[in-house]
file run_14.cif (mmCIF, C-alpha atoms and all ligand atoms)
data_work
loop_
_atom_site.label_atom_id
_atom_site.label_comp_id
_atom_site.auth_asym_id
_atom_site.auth_seq_id
_atom_site.Cartn_x
_atom_site.Cartn_y
_atom_site.Cartn_z
CA MET A 76 9.35 -68.37 69.72
CA PRO A 77 6.25 -66.32 69.01
CA GLU A 78 8.33 -63.15 69.45
CA ILE A 79 10.96 -64.33 66.94
CA THR A 80 8.25 -65.28 64.48
CA LEU A 81 6.75 -61.84 64.94
CA LYS A 82 10.13 -60.18 64.26
CA GLN A 83 10.71 -62.40 61.26
CA ASN A 84 7.27 -61.54 59.99
CA SER A 85 7.78 -57.79 60.35
CA ALA A 86 11.20 -58.01 58.64
CA LYS A 87 9.53 -59.87 55.79
CA LYS A 88 6.81 -57.25 55.68
CA ARG A 89 9.37 -54.44 55.46
CA GLN A 90 11.13 -56.28 52.65
CA THR A 91 7.85 -56.76 50.76
CA THR A 92 6.94 -53.08 51.20
CA LYS A 93 10.37 -52.04 49.90
CA LEU A 94 9.98 -54.34 46.90
CA ARG A 95 6.53 -52.92 46.19
CA THR A 96 7.80 -49.34 46.38
CA VAL A 97 10.65 -50.11 43.95
CA LEU A 98 8.21 -51.82 41.56
CA LEU A 99 5.77 -48.92 41.78
CA ILE A 100 8.48 -46.33 41.04
CA GLY A 101 9.67 -48.47 38.12
CA LEU A 102 6.17 -48.74 36.69
CA LEU A 103 5.58 -45.01 37.09
CA ALA A 104 8.81 -44.27 35.22
CA VAL A 105 7.79 -46.60 32.38
CA PHE A 106 4.33 -44.97 32.12
CA THR A 107 5.75 -41.44 32.20
CA VAL A 108 8.32 -42.14 29.48
CA SER A 109 5.88 -44.01 27.22
CA GLY A 110 3.21 -41.32 27.75
CA TRP A 111 5.71 -38.65 26.76
CA ILE A 112 6.75 -40.58 23.65
CA PHE A 113 3.08 -41.11 22.72
CA LEU A 114 2.30 -37.41 23.06
CA LYS A 115 5.34 -36.40 21.03
CA ASN A 116 4.50 -38.87 18.27
CA ASP A 117 0.98 -37.50 18.18
CA THR A 118 2.34 -33.96 17.70
CA VAL A 119 4.55 -35.11 14.84
CA MET A 120 1.64 -36.89 13.19
CA GLN A 121 -0.57 -33.84 13.54
CA SER A 122 2.11 -31.62 11.99
CA ALA A 123 2.52 -34.06 9.13
CA VAL A 124 -1.24 -34.00 8.48
CA ASP A 125 -1.25 -30.20 8.48
CA GLN A 126 1.64 -30.02 6.06
CA ASP A 127 -0.17 -32.35 3.68
CA GLU A 128 -3.08 -29.96 3.66
CA GLY A 129 -0.77 -27.05 2.92
CA SER A 130 -2.14 -24.87 5.69
CA ILE A 131 1.07 -24.06 7.49
CA LEU A 132 3.27 -21.14 6.64
CA PRO A 133 6.71 -22.02 5.32
CA ASN A 134 8.36 -20.50 8.38
CA ILE A 135 6.65 -22.94 10.71
CA ASP A 136 8.97 -25.46 12.34
CA GLN A 137 9.05 -28.40 9.94
CA ALA A 138 8.81 -31.40 12.25
CA SER A 139 9.46 -34.65 10.42
CA PRO A 140 9.24 -38.20 11.72
CA GLY A 141 12.57 -39.11 13.27
CA ALA A 142 13.58 -35.50 13.81
CA GLN A 143 14.41 -34.48 17.33
CA ILE A 144 11.30 -33.14 19.03
CA ARG A 145 11.65 -29.82 20.75
CA PRO A 146 9.19 -28.36 23.24
CA THR A 147 7.01 -25.52 21.90
CA VAL A 148 5.38 -22.35 23.23
CA LEU A 149 2.66 -20.05 21.85
CA LYS A 150 4.00 -17.36 19.53
CA GLN A 151 3.65 -13.74 20.69
CA PHE A 152 2.32 -11.12 18.27
CA SER A 153 1.96 -7.36 18.11
CA GLY A 154 -1.34 -6.04 16.68
CA GLU A 155 0.31 -5.52 13.32
CA GLU A 156 1.85 -8.99 13.37
CA PHE A 157 -1.51 -10.66 14.06
CA VAL A 158 -2.95 -9.02 10.95
CA SER A 159 0.00 -9.77 8.67
CA PHE A 160 0.06 -13.38 9.93
CA TYR A 161 -3.57 -13.73 8.85
CA ASN A 162 -2.99 -11.98 5.52
CA LYS A 163 -0.06 -14.27 4.62
CA PHE A 164 -1.69 -17.47 5.88
CA ALA A 165 -2.10 -20.09 3.15
CA TYR A 166 -5.71 -21.19 3.72
CA PRO A 167 -6.86 -24.47 2.21
CA ASN A 168 -10.24 -24.79 0.42
CA VAL A 169 -10.54 -21.17 -0.74
CA ARG A 170 -10.43 -19.36 -4.10
CA GLU A 171 -9.76 -15.76 -5.11
CA PHE A 172 -12.46 -13.87 -7.04
CA GLU A 173 -11.42 -12.82 -10.55
CA SER A 174 -13.22 -9.50 -10.83
CA ALA A 175 -14.61 -7.42 -7.99
CA PRO A 176 -18.20 -8.49 -7.26
CA ALA A 177 -21.04 -6.12 -8.16
CA ILE A 178 -22.49 -3.97 -5.37
CA THR A 179 -25.41 -1.89 -6.68
CA GLY A 180 -25.14 -3.42 -10.15
CA THR A 181 -24.32 -0.06 -11.77
CA SER A 182 -20.59 0.00 -12.48
CA ALA A 183 -20.01 3.76 -12.02
CA ALA A 184 -21.68 3.67 -8.59
CA ASP A 185 -19.88 0.46 -7.66
CA GLU A 186 -16.51 1.95 -8.57
CA ARG A 187 -17.14 4.98 -6.40
CA ILE A 188 -18.17 2.84 -3.41
CA ARG A 189 -15.23 0.49 -3.94
CA SER A 190 -12.67 3.29 -4.11
CA ILE A 191 -13.96 4.70 -0.80
CA ALA A 192 -13.77 1.20 0.68
CA LEU A 193 -10.17 0.68 -0.48
CA GLU A 194 -9.20 4.04 0.97
CA ARG A 195 -10.53 2.84 4.33
CA GLY A 196 -8.24 -0.21 4.15
CA TYR A 197 -10.62 -2.89 2.88
CA VAL A 198 -8.87 -5.64 0.89
CA GLY A 199 -10.27 -8.35 -1.36
CA ARG A 200 -10.69 -11.65 0.50
CA SER A 201 -10.71 -15.26 -0.62
CA VAL A 202 -13.96 -17.21 -0.81
CA ALA A 203 -14.66 -20.68 0.60
CA VAL A 204 -14.87 -23.64 -1.72
CA PRO A 205 -17.68 -25.91 -0.49
CA PRO A 206 -18.41 -28.10 1.35
CA LEU A 207 -18.58 -26.30 4.65
CA LYS A 208 -19.61 -27.76 7.98
CA ASP A 209 -22.79 -26.80 9.84
CA VAL A 210 -21.92 -25.44 13.26
CA SER A 211 -25.56 -24.72 14.03
CA LYS A 212 -28.81 -24.17 12.15
CA ASP A 213 -27.68 -20.73 10.99
CA PHE A 214 -23.91 -20.94 10.75
CA GLN A 215 -21.33 -22.77 8.67
CA LEU A 216 -17.52 -22.85 8.84
CA GLN A 217 -14.65 -24.70 7.19
CA GLU A 218 -14.41 -28.09 8.87
CA ARG A 219 -11.22 -27.52 10.87
CA ALA A 220 -12.41 -24.10 11.99
CA ALA A 221 -15.74 -25.63 13.02
CA ASN A 222 -13.97 -28.26 15.14
CA ASP A 223 -11.70 -25.71 16.80
CA TRP A 224 -14.66 -23.41 17.42
CA VAL A 225 -16.39 -26.16 19.40
CA GLU A 226 -13.16 -26.72 21.32
CA LEU A 227 -12.85 -22.99 22.13
CA VAL A 228 -16.46 -22.84 23.35
CA ASP A 229 -15.90 -25.89 25.59
CA ALA A 230 -12.69 -24.45 27.05
CA ALA A 231 -14.43 -21.12 27.75
CA LYS A 232 -17.36 -22.93 29.41
CA LYS A 233 -14.96 -24.66 31.81
CA ASP A 234 -13.81 -21.18 32.88
CA GLY A 235 -17.40 -19.93 33.24
CA GLN A 236 -17.54 -17.99 29.95
CA GLN A 237 -20.45 -18.52 27.55
CA LEU A 238 -19.25 -17.75 24.02
CA THR A 239 -21.89 -17.64 21.29
CA LEU A 240 -21.52 -17.60 17.52
CA THR A 241 -23.08 -14.50 15.96
CA GLY A 242 -21.42 -14.65 12.52
CA ALA A 243 -19.59 -17.22 10.40
CA PHE A 244 -19.37 -18.01 6.65
CA ARG A 245 -21.07 -15.53 4.29
CA THR A 246 -21.48 -15.77 0.53
CA ILE A 247 -20.80 -12.83 -1.80
CA GLU A 248 -24.59 -12.52 -2.20
CA ASP A 249 -25.16 -12.49 1.59
CA GLN A 250 -22.65 -9.67 1.97
CA ARG A 251 -24.14 -7.71 -0.93
CA ASP A 252 -27.59 -7.94 0.70
CA LEU A 253 -26.18 -6.78 4.06
CA PHE A 254 -24.36 -3.83 2.51
CA MET A 255 -27.25 -2.75 0.26
CA GLU A 256 -29.73 -3.01 3.13
CA SER A 257 -27.62 -0.60 5.19
CA LEU A 258 -26.92 1.72 2.27
CA THR A 259 -30.58 1.92 1.30
CA THR A 260 -31.57 3.08 4.80
CA THR A 261 -29.32 6.14 4.34
CA GLY A 262 -31.44 7.27 1.39
CA ALA A 263 -28.52 6.97 -1.06
CA THR A 264 -29.43 6.22 -4.67
CA VAL A 265 -27.32 5.14 -7.64
CA ASP A 266 -27.58 8.69 -9.01
CA SER A 267 -26.58 10.37 -5.74
CA ILE A 268 -23.65 7.95 -5.39
CA ILE A 269 -22.37 8.64 -8.93
CA ALA A 270 -22.78 12.39 -8.37
CA GLY A 271 -20.68 12.10 -5.19
CA ARG A 272 -23.49 13.32 -2.94
CA SER A 273 -23.60 10.11 -0.88
CA ASP A 274 -19.95 9.75 0.13
CA ALA A 275 -20.68 10.50 3.79
CA ALA A 276 -23.50 7.91 3.78
CA ILE A 277 -21.22 5.34 2.14
CA ILE A 278 -18.53 5.95 4.76
CA SER A 279 -21.05 5.58 7.58
CA VAL A 280 -22.05 2.17 6.22
CA LEU A 281 -18.46 1.08 5.53
CA ARG A 282 -17.60 1.71 9.18
CA ARG A 283 -19.78 -1.29 10.04
CA VAL A 284 -20.42 -3.36 6.91
CA SER A 285 -18.06 -4.58 4.19
CA ILE A 286 -18.82 -4.50 0.49
CA PRO A 287 -19.16 -7.97 -1.11
CA GLY A 288 -15.80 -9.66 -1.72
CA TYR A 289 -13.98 -7.75 1.02
CA THR A 290 -14.92 -9.53 4.25
CA ARG A 291 -13.02 -12.33 5.99
CA HIS A 292 -16.33 -14.09 6.50
CA HIS A 293 -16.26 -15.27 2.86
CA SER A 294 -13.43 -17.70 3.65
CA GLY A 295 -15.37 -19.73 6.22
CA TYR A 296 -12.48 -19.23 8.67
CA ALA A 297 -13.80 -16.14 10.53
CA VAL A 298 -16.25 -15.98 13.43
CA ASP A 299 -18.08 -13.18 15.20
CA ILE A 300 -18.38 -13.96 18.90
CA GLY A 301 -21.04 -12.95 21.40
CA CYS A 302 -20.87 -13.21 25.19
CA GLN A 303 -23.84 -14.60 27.06
CA ASN A 304 -22.31 -13.58 30.39
CA ASP A 305 -22.55 -9.90 29.42
CA PRO A 306 -25.17 -9.69 26.65
CA ALA A 307 -25.87 -5.99 27.21
CA VAL A 308 -22.22 -4.96 27.17
CA VAL A 309 -20.22 -4.24 24.00
CA PHE A 310 -18.10 -7.30 23.32
CA GLY A 311 -14.79 -5.49 23.86
CA ASN A 312 -15.82 -4.81 27.47
CA SER A 313 -17.25 -8.28 28.19
CA SER A 314 -15.83 -10.96 30.46
CA CYS A 315 -15.57 -13.23 27.39
CA PHE A 316 -13.28 -10.73 25.68
CA THR A 317 -11.12 -10.52 28.79
CA TRP A 318 -10.91 -14.32 28.84
CA LEU A 319 -9.99 -14.55 25.14
CA SER A 320 -7.51 -11.68 25.05
CA LYS A 321 -5.52 -11.89 28.27
CA ASN A 322 -1.81 -12.67 28.00
CA ASN A 323 -1.54 -11.90 24.26
CA TYR A 324 -4.76 -13.82 23.44
CA GLU A 325 -3.48 -16.98 25.12
CA HIS A 326 -6.86 -18.76 25.33
CA ALA A 327 -7.82 -17.90 21.75
CA LYS A 328 -4.42 -18.99 20.40
CA THR A 329 -4.40 -22.20 22.44
CA HIS A 330 -7.43 -23.34 20.43
CA GLY A 331 -6.24 -22.05 17.03
CA TRP A 332 -7.82 -18.57 16.88
CA ILE A 333 -6.36 -15.07 16.51
CA PRO A 334 -8.07 -11.66 16.79
CA ALA A 335 -8.99 -9.91 13.53
CA TYR A 336 -8.79 -6.41 15.04
CA PRO A 337 -6.26 -6.41 17.87
CA ASP A 338 -5.01 -3.14 19.36
CA GLY A 339 -2.30 -1.65 17.18
CA ALA A 340 -3.60 -3.21 13.95
CA PRO A 341 -3.49 -1.03 10.83
CA LYS A 342 -6.80 0.25 9.38
CA GLN A 343 -8.61 -2.62 7.69
CA GLY A 344 -11.85 -1.08 6.51
CA PRO A 345 -14.48 -1.16 9.24
CA ASP A 346 -14.10 0.34 12.69
CA PRO A 347 -12.27 -2.24 14.85
CA GLU A 348 -14.43 -5.29 15.60
CA PRO A 349 -13.12 -6.92 18.79
CA TRP A 350 -15.68 -9.73 18.42
CA GLU A 351 -14.14 -11.07 15.20
CA TYR A 352 -11.60 -13.92 15.30
CA CYS A 353 -9.90 -15.90 12.55
CA TRP A 354 -8.91 -19.54 12.55
CA VAL A 355 -5.29 -20.37 11.75
CA GLY A 356 -5.03 -23.65 13.68
CA LYS A 357 -3.07 -24.51 16.79
CA ASP A 358 0.10 -25.79 15.14
CA ALA A 359 0.72 -22.54 13.24
CA LEU A 360 0.71 -20.65 16.55
CA LEU A 361 3.42 -22.71 18.22
CA GLU A 362 7.13 -22.16 17.99
CA PRO A 363 10.02 -24.15 19.40
CA VAL A 364 11.45 -23.08 22.74
CA ASN A 365 14.94 -21.67 22.42
CA ILE A 366 17.06 -23.53 24.91
ZN ZN B 1 -17.21 -10.30 11.49
#
call {"tool": "encode", "arguments": {"input": "run_14.cif", "output": "C-alpha cells", "more": "lines below"}}
Ligand SMILES: [Zn+2]
result
Amino acid sequence: MPEITLKQNSAKKRQTTKLRTVLLIGLLAVFTVSGWIFLKNDTVMQSAVDQDEGSILPNIDQASPGAQIRPTVLKQFSGEEFVSFYNKFAYPNVREFESAPAITGTSAADERIRSIALERGYVGRSVAVPPLKDVSKDFQLQERAANDWVELVDAAKKDGQQLTLTGAFRTIEDQRDLFMESLTTTGATVDSIIAGRSDAAIISVLRRVSIPGYTRHHSGYAVDIGCQNDPAVVFGNSSCFTWLSKNNYEHAKTHGWIPAYPDGAPKQGPDPEPWEYCWVGKDALLEPVNI
C-alpha cells in the first residue's frame, strides 16, 4: 500500500508539474505579446506627438494609429547626407533673421567680412525662440534637445565615456562678442578691413569662429562636446568621439544626434569641428526595414 500511494503521489506530482509548465508558457506568451503591443503603441504615440510639433521631415514614415507597424532601423548617411539632412530639417521654435546682423557696426567692414565668410561656406542660421531649457548653470538648449542630451550623456556613462557640454545655445550678441574678441586680437581695425589689408586675419578667425547669425548654436539645437576621459586630446582623437562615431554614428543617432562636421561634408565655414553635434530627434533617424 505505501508503495502504491508513493507511485500515485509521484504521478500526481508529474501531472502538477506539467500543468505548471503549460501555465507558465501560456503566461509568458501573453506577457510577450502584450509587451510588444504596448511598445508598438508607444512608438505610434510618439510619432503622432512629433508630427503635431512639425519637426519631422515629410519623407519620414508617416505612422498613423491603426496603420500596420513595421520594424525600423537607424538610417545610414554619407557625410554630405548628414549635412543636407540638417539643413532641410524643419526645426520647431526657431525664426529666421530678416537682415544680416551687424558685426563691427560699420557696414562697409561688415560686408567685407561677410563676403569672406560666405565664400568659406558659412550660411545664415535660424535663431531660437525662447523659452529654452537650462541644461546647467552655463548652458541652455531647446527642451527636446536638452532631454536627449541628458539621455546621450547617460548612455555614454554606461559605456565608460564621460561626455561634457562645452557649448550650447548662443545669442546673436554672444556670437558677435566671440567673433570681435578674436578679430581684435589680430590687430585688425575697421579701416584696415575696409582697405582689404585684414583679409588674412579675417580668414584666420573665420576658421574657428562664426560671424553672428551664421552659427548653428543660435538655434538651441547644437552642442559642443568635450571628453573627460581624454581631456588633453583633441576631441576627434578621443575615446568619446570613437564611441559617438562608430558604425555611422550609431550611438549619437540612437539618442537623436547627428554630427555637424562628418568626414566627407562640404565646406561649411569653419575648419571641421568634430565636437559639434546637432539634435534632430530619434524618430527622424529611423526608417522602416524593407522586408
Ligand atoms: Zn560648436
call {"tool": "closest_residue", "arguments": {"input": "run_14.cif", "among": "A:Ile277, A:Ala177, A:Ile268, A:Val298", "to": "ligand ZN 1 (chain B)", "atoms": "all atoms listed in the file"}}
result
A:Val298
call {"tool": "closest_atom_pairs", "arguments": {"input": "run_14.cif", "of": "chain A", "to": "ligand ZN 1 (chain B)", "cutoff": "12 Å", "atoms": "all atoms listed in the file", "output": "Markdown table"}}
result
| residue | atom | partner | partner_atom | distance |
| --- | --- | --- | --- | --- |
| A:Leu240 | CA | B:ZN1 | ZN | 10.4 |
| A:Thr241 | CA | B:ZN1 | ZN | 8.5 |
| A:Gly242 | CA | B:ZN1 | ZN | 6.1 |
| A:Ala243 | CA | B:ZN1 | ZN | 7.4 |
| A:Phe244 | CA | B:ZN1 | ZN | 9.4 |
| A:Arg245 | CA | B:ZN1 | ZN | 9.7 |
| A:Gln250 | CA | B:ZN1 | ZN | 11.0 |
| A:Arg283 | CA | B:ZN1 | ZN | 9.5 |
| A:Val284 | CA | B:ZN1 | ZN | 8.9 |
| A:Ser285 | CA | B:ZN1 | ZN | 9.3 |
| A:Tyr289 | CA | B:ZN1 | ZN | 11.2 |
| A:Thr290 | CA | B:ZN1 | ZN | 7.6 |
| A:Arg291 | CA | B:ZN1 | ZN | 7.2 |
| A:His292 | CA | B:ZN1 | ZN | 6.3 |
| A:His293 | CA | B:ZN1 | ZN | 10.0 |
| A:Ser294 | CA | B:ZN1 | ZN | 11.4 |
| A:Gly295 | CA | B:ZN1 | ZN | 11.0 |
| A:Tyr296 | CA | B:ZN1 | ZN | 10.5 |
| A:Ala297 | CA | B:ZN1 | ZN | 6.8 |
| A:Val298 | CA | B:ZN1 | ZN | 6.1 |
| A:Asp299 | CA | B:ZN1 | ZN | 4.8 |
| A:Ile300 | CA | B:ZN1 | ZN | 8.3 |
| A:Gly301 | CA | B:ZN1 | ZN | 10.9 |
| A:Pro334 | CA | B:ZN1 | ZN | 10.7 |
| A:Ala335 | CA | B:ZN1 | ZN | 8.5 |
| A:Tyr336 | CA | B:ZN1 | ZN | 9.9 |
| A:Gly344 | CA | B:ZN1 | ZN | 11.8 |
| A:Pro345 | CA | B:ZN1 | ZN | 9.8 |
| A:Asp346 | CA | B:ZN1 | ZN | 11.1 |
| A:Pro347 | CA | B:ZN1 | ZN | 10.0 |
| A:Glu348 | CA | B:ZN1 | ZN | 7.1 |
| A:Pro349 | CA | B:ZN1 | ZN | 9.0 |
| A:Trp350 | CA | B:ZN1 | ZN | 7.1 |
| A:Glu351 | CA | B:ZN1 | ZN | 4.9 |
| A:Tyr352 | CA | B:ZN1 | ZN | 7.7 |
| A:Cys353 | CA | B:ZN1 | ZN | 9.3 |
call {"tool": "closest_residue", "arguments": {"input": "run_14.cif", "among": "A:Ser267, A:Thr317, A:Gln151, A:Gln217", "to": "Pro205 in chain A", "atoms": "only C-alpha atoms"}}
result
A:Gln217
call {"tool": "axis_aligned_box", "arguments": {"input": "run_14.cif", "around": "range 173-179 of chain A", "padding_each_side": "3 Å", "output": "JSON"}}
result
{"center_x": -18.4, "center_y": -7.4, "center_z": -8.1, "size_x": 20.0, "size_y": 16.9, "size_z": 11.5}
call {"tool": "residues_around", "arguments": {"input": "run_14.cif", "residues": "Trp332 in chain A", "least_positions_apart": "5", "cutoff": "9 Å", "atoms": "only C-alpha atoms", "output": "PDB file with C-alpha atoms, keeping the file's coordinate frame"}}
result
ATOM      1  CA  ALA A 220     -12.410 -24.100  11.990  1.00  0.00           C
ATOM      2  CA  ASP A 223     -11.700 -25.710  16.800  1.00  0.00           C
ATOM      3  CA  TRP A 224     -14.660 -23.410  17.420  1.00  0.00           C
ATOM      4  CA  LEU A 227     -12.850 -22.990  22.130  1.00  0.00           C
ATOM      5  CA  TYR A 324      -4.760 -13.820  23.440  1.00  0.00           C
ATOM      6  CA  HIS A 326      -6.860 -18.760  25.330  1.00  0.00           C
ATOM      7  CA  ALA A 327      -7.820 -17.900  21.750  1.00  0.00           C
ATOM      8  CA  TYR A 352     -11.600 -13.920  15.300  1.00  0.00           C
ATOM      9  CA  CYS A 353      -9.900 -15.900  12.550  1.00  0.00           C
ATOM     10  CA  TRP A 354      -8.910 -19.540  12.550  1.00  0.00           C
ATOM     11  CA  VAL A 355      -5.290 -20.370  11.750  1.00  0.00           C
ATOM     12  CA  GLY A 356      -5.030 -23.650  13.680  1.00  0.00           C
ATOM     13  CA  LYS A 357      -3.070 -24.510  16.790  1.00  0.00           C
ATOM     14  CA  LEU A 360       0.710 -20.650  16.550  1.00  0.00           C
TER      15      LEU A 360
END
call {"tool": "atom_distance", "arguments": {"input": "run_14.cif", "atom1": "CA of Asp249 in chain A", "atom2": "CA of Gln343 in chain A"}}
result
20.2 Å
call {"tool": "atom_distance", "arguments": {"input": "run_14.cif", "atom1": "CA of Glu194 in chain A", "atom2": "CA of Ile286 in chain A"}}
result
12.9 Å
call {"tool": "residues_around", "arguments": {"input": "run_14.cif", "residues": "Ser273 in chain A", "least_positions_apart": "3", "cutoff": "12 Å", "atoms": "only C-alpha atoms", "output": "tab-separated table (two decimals) with C-alpha atoms, in the frame of the given file"}}
result
chain	number	residue	atom	x	y	z
A	184	ALA	CA	-21.68	3.67	-8.59
A	187	ARG	CA	-17.14	4.98	-6.40
A	188	ILE	CA	-18.17	2.84	-3.41
A	191	ILE	CA	-13.96	4.70	-0.80
A	258	LEU	CA	-26.92	1.72	2.27
A	259	THR	CA	-30.58	1.92	1.30
A	261	THR	CA	-29.32	6.14	4.34
A	262	GLY	CA	-31.44	7.27	1.39
A	263	ALA	CA	-28.52	6.97	-1.06
A	264	THR	CA	-29.43	6.22	-4.67
A	265	VAL	CA	-27.32	5.14	-7.64
A	266	ASP	CA	-27.58	8.69	-9.01
A	267	SER	CA	-26.58	10.37	-5.74
A	268	ILE	CA	-23.65	7.95	-5.39
A	269	ILE	CA	-22.37	8.64	-8.93
A	270	ALA	CA	-22.78	12.39	-8.37
A	276	ALA	CA	-23.50	7.91	3.78
A	277	ILE	CA	-21.22	5.34	2.14
A	278	ILE	CA	-18.53	5.95	4.76
A	279	SER	CA	-21.05	5.58	7.58
A	280	VAL	CA	-22.05	2.17	6.22
call {"tool": "atom_distance", "arguments": {"input": "run_14.cif", "atom1": "CA of Phe316 in chain A", "atom2": "CA of Gly339 in chain A"}}
result
16.6 Å
call {"tool": "closest_residue", "arguments": {"input": "run_14.cif", "among": "A:Val364, A:Ala165, A:Ser190, A:Ile144", "to": "Gly271 in chain A", "atoms": "only C-alpha atoms"}}
result
A:Ser190
call {"tool": "residues_around", "arguments": {"input": "run_14.cif", "residues": "Ser313 in chain A", "least_positions_apart": "5", "cutoff": "12 Å", "atoms": "only C-alpha atoms", "output": "number ranges by chain"}}
result
A: 236-238, 300-308, 318-320, 349-350
call {"tool": "closest_residue", "arguments": {"input": "run_14.cif", "among": "A:Leu216, A:Val202, A:Val148, A:Ala359", "to": "Lys163 in chain A", "atoms": "only C-alpha atoms"}}
result
A:Ala359
call {"tool": "closest_residue", "arguments": {"input": "run_14.cif", "among": "A:Gly311, A:Gly154, A:Gly331, A:Gly180", "to": "Val225 in chain A", "atoms": "all atoms listed in the file"}}
result
A:Gly331
call {"tool": "build_atoms", "arguments": {"input": "run_14.cif", "residues": "range 178-185 of chain A", "atoms": "all heavy atoms", "output": "JSON list (two decimals), in the coordinates of the input"}}
result
[["chain", "number", "residue", "atom", "x", "y", "z"],
["A", 178, "ILE", "N", -21.91, -4.44, -6.64],
["A", 178, "ILE", "CA", -22.49, -3.97, -5.37],
["A", 178, "ILE", "C", -23.93, -3.51, -5.64],
["A", 178, "ILE", "O", -24.89, -4.19, -5.29],
["A", 178, "ILE", "CB", -21.66, -2.82, -4.75],
["A", 178, "ILE", "CG1", -20.18, -3.25, -4.64],
["A", 178, "ILE", "CG2", -22.22, -2.46, -3.37],
["A", 178, "ILE", "CD1", -19.23, -2.13, -4.28],
["A", 179, "THR", "N", -24.06, -2.36, -6.32],
["A", 179, "THR", "CA", -25.41, -1.89, -6.68],
["A", 179, "THR", "C", -25.85, -2.50, -8.02],
["A", 179, "THR", "O", -27.03, -2.54, -8.34],
["A", 179, "THR", "CB", -25.44, -0.36, -6.83],
["A", 179, "THR", "OG1", -24.59, 0.00, -7.95],
["A", 179, "THR", "CG2", -24.94, 0.35, -5.60],
["A", 180, "GLY", "N", -24.85, -2.91, -8.81],
["A", 180, "GLY", "CA", -25.14, -3.42, -10.15],
["A", 180, "GLY", "C", -24.89, -2.37, -11.23],
["A", 180, "GLY", "O", -24.90, -2.67, -12.41],
["A", 181, "THR", "N", -24.67, -1.12, -10.82],
["A", 181, "THR", "CA", -24.32, -0.06, -11.77],
["A", 181, "THR", "C", -22.83, 0.22, -11.60],
["A", 181, "THR", "O", -22.40, 0.63, -10.51],
["A", 181, "THR", "CB", -25.13, 1.22, -11.48],
["A", 181, "THR", "OG1", -26.52, 0.88, -11.55],
["A", 181, "THR", "CG2", -24.82, 2.33, -12.48],
["A", 182, "SER", "N", -22.04, 0.02, -12.68],
["A", 182, "SER", "CA", -20.59, 0.00, -12.48],
["A", 182, "SER", "C", -20.02, 1.33, -12.01],
["A", 182, "SER", "O", -19.11, 1.35, -11.18],
["A", 182, "SER", "CB", -19.88, -0.51, -13.74],
["A", 182, "SER", "OG", -20.18, 0.34, -14.81],
["A", 183, "ALA", "N", -20.55, 2.47, -12.46],
["A", 183, "ALA", "CA", -20.01, 3.76, -12.02],
["A", 183, "ALA", "C", -20.22, 3.95, -10.51],
["A", 183, "ALA", "O", -19.32, 4.42, -9.79],
["A", 183, "ALA", "CB", -20.66, 4.89, -12.79],
["A", 184, "ALA", "N", -21.40, 3.56, -10.03],
["A", 184, "ALA", "CA", -21.68, 3.67, -8.59],
["A", 184, "ALA", "C", -20.81, 2.70, -7.81],
["A", 184, "ALA", "O", -20.25, 3.03, -6.76],
["A", 184, "ALA", "CB", -23.16, 3.39, -8.33],
["A", 185, "ASP", "N", -20.68, 1.49, -8.35],
["A", 185, "ASP", "CA", -19.88, 0.46, -7.66],
["A", 185, "ASP", "C", -18.42, 0.89, -7.53],
["A", 185, "ASP", "O", -17.79, 0.68, -6.49],
["A", 185, "ASP", "CB", -19.96, -0.88, -8.41],
["A", 185, "ASP", "CG", -21.35, -1.50, -8.28],
["A", 185, "ASP", "OD1", -22.22, -0.87, -7.65],
["A", 185, "ASP", "OD2", -21.55, -2.61, -8.81]]
